[in-house]
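One structure is given here, and the rest of the page talks about it.
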Amino acid sequence: MPSPYRAIFAAPGTKGFSAAGLIGRLPISMVGVGILTMISELTGRYAMASALTGTLALAAAFIGPLVSRLVDQYGQRRVLRPATLISTAAVTGLVLAAANGLPDWTLFVFAAVAGCVPSVGSMVRARWTELYRDSPRELHTAYSFESVIDEVCFIFGPILAIGLSTTWFPEAGPVIAAGCLLVGVWLLTAQRSTEPAPHPRSPDADRASALRSPGLQVLTATFMATGAIFGSIDVSTLAFAEEQGSKSSASFILAIWAAGSCIAGIVFGLLHLKGKAERRWVLGICAMAVSMIPLLLAGNLPFLAVALFVSGLAIAPTMITTMALIEAHVPRAKLTEGMTWISTGLAVGVAVGSSVTGLVIDAAGAQRGFVVSISSGAAAAAVAFAGYRRLTRPAQGEEPASDGDIGDSSSEERTGHVA
């Protein structure tokens, strides 16, 4: 491990909560595709399977920020354990209902309740922020490490879920995912020394959502369009691989896409860049948008794999910069909620992007599905440009998670803010 990454694990407790976070975060990429595979294996009804995974994603998108807001107010242990028990019980109910052929409406009820799954990645990032709030270089490296872990989970999670449900028994993917979530959250919340202190709301405190921050609104709206990119690429790649006669290759091609982001995240964590973080963020969004264009030119699977690898190089650096911007624009007492709103934007975008892409593919073929990817990238860039001024304005109201201007990394010596 390069020395900057070794350095962030020098603090007591970091290895423990990182390992627990990895176990607890893996199910996020497993449970949706696990339910999809389970329902298709049990019933062969792909439309039903897609509707259930969409219900789960949208429920998580809307419930997740509420759970994180309670975490900011009452602490991780008091909120995450009950929320996890509810979510895992709902997944268990869904599995039993599907296995026993219960009415379809029961499956949708369980899928909706399962959406209270906590954003484990946000909880781990909040712990890093608490540790290295006054150490910009270490915090930048920690955010980079977390983005790499995200990509590792999204590489191996779907492969593991599909493999379990197709080679063991149909319900295996969701069951193992729920078990990992339960174990990971329990191990994470058992580590009290690194848990961020809760911020109880006094009667006269601001009870408004973190989303009232103009900067967070721009970031969330942009990542709704970015989520549509992700959703459209997933569906289009699967359909394109099937048209090419090698449907099983889709998972490996998508893994190459995630690997590009993973590599970029590792390298980005070693850098100490100067200049405005807001400008770097807009450039990252634009790079993601431009990298969608070659996908429409793909005539075979190797070309598509290379194009997606290049596209992936822009993802992790943009996500890392996003976390720094959230820290600057969201009050410290609402930091976990602010981070979760990004996941919400992505989840909504993925649901919309995958649905629209499916309609386009049915009407015009797999390759045309990448038109949705290009359109989503253009929309993300447009929102980023339109909201740039909001990001450059200082946060209003409560004390932000990081005070002052985060843009100039050379200001570390003067202000101690994230670069």
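Chain labels A, B, ... are given in the sequence in which chains occur in the structure tokens; within each chain residues are numbered consecutively from 1, and ligands are likewise numbered from 1 in the order shown.
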Neighbour list for Cys153 (chain A) as number ranges by chain, cut-off 8 Å, only C-alpha atoms, skip fewer than 4 positions in-chain
A: 22, 25-26, 29, 149, 157
Tell me, as an NGL selection string, which residues lie within 10 Å of region 357-364 of chain A, counting only C-alpha atoms; anything in the same chain fewer than 3 positions away does not count.
:A and (228-229 or 231-236 or 239-240 or 352-354 or 367-373)
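Restricting the calculation to only C-alpha atoms, the smallest distance between Ile39 (chain A) and any of A:Ala316, A:Ile176, A:Ala98, A:Val148 is found for A:Ala98.
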Here CA of Ala287 (chain A) and CA of Ala57 (chain A) stand apart by 26.6 Å
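Coordinates place CA of Arg133 (chain A) at a distance of 20.1 Å from CA of Ser213 (chain A).
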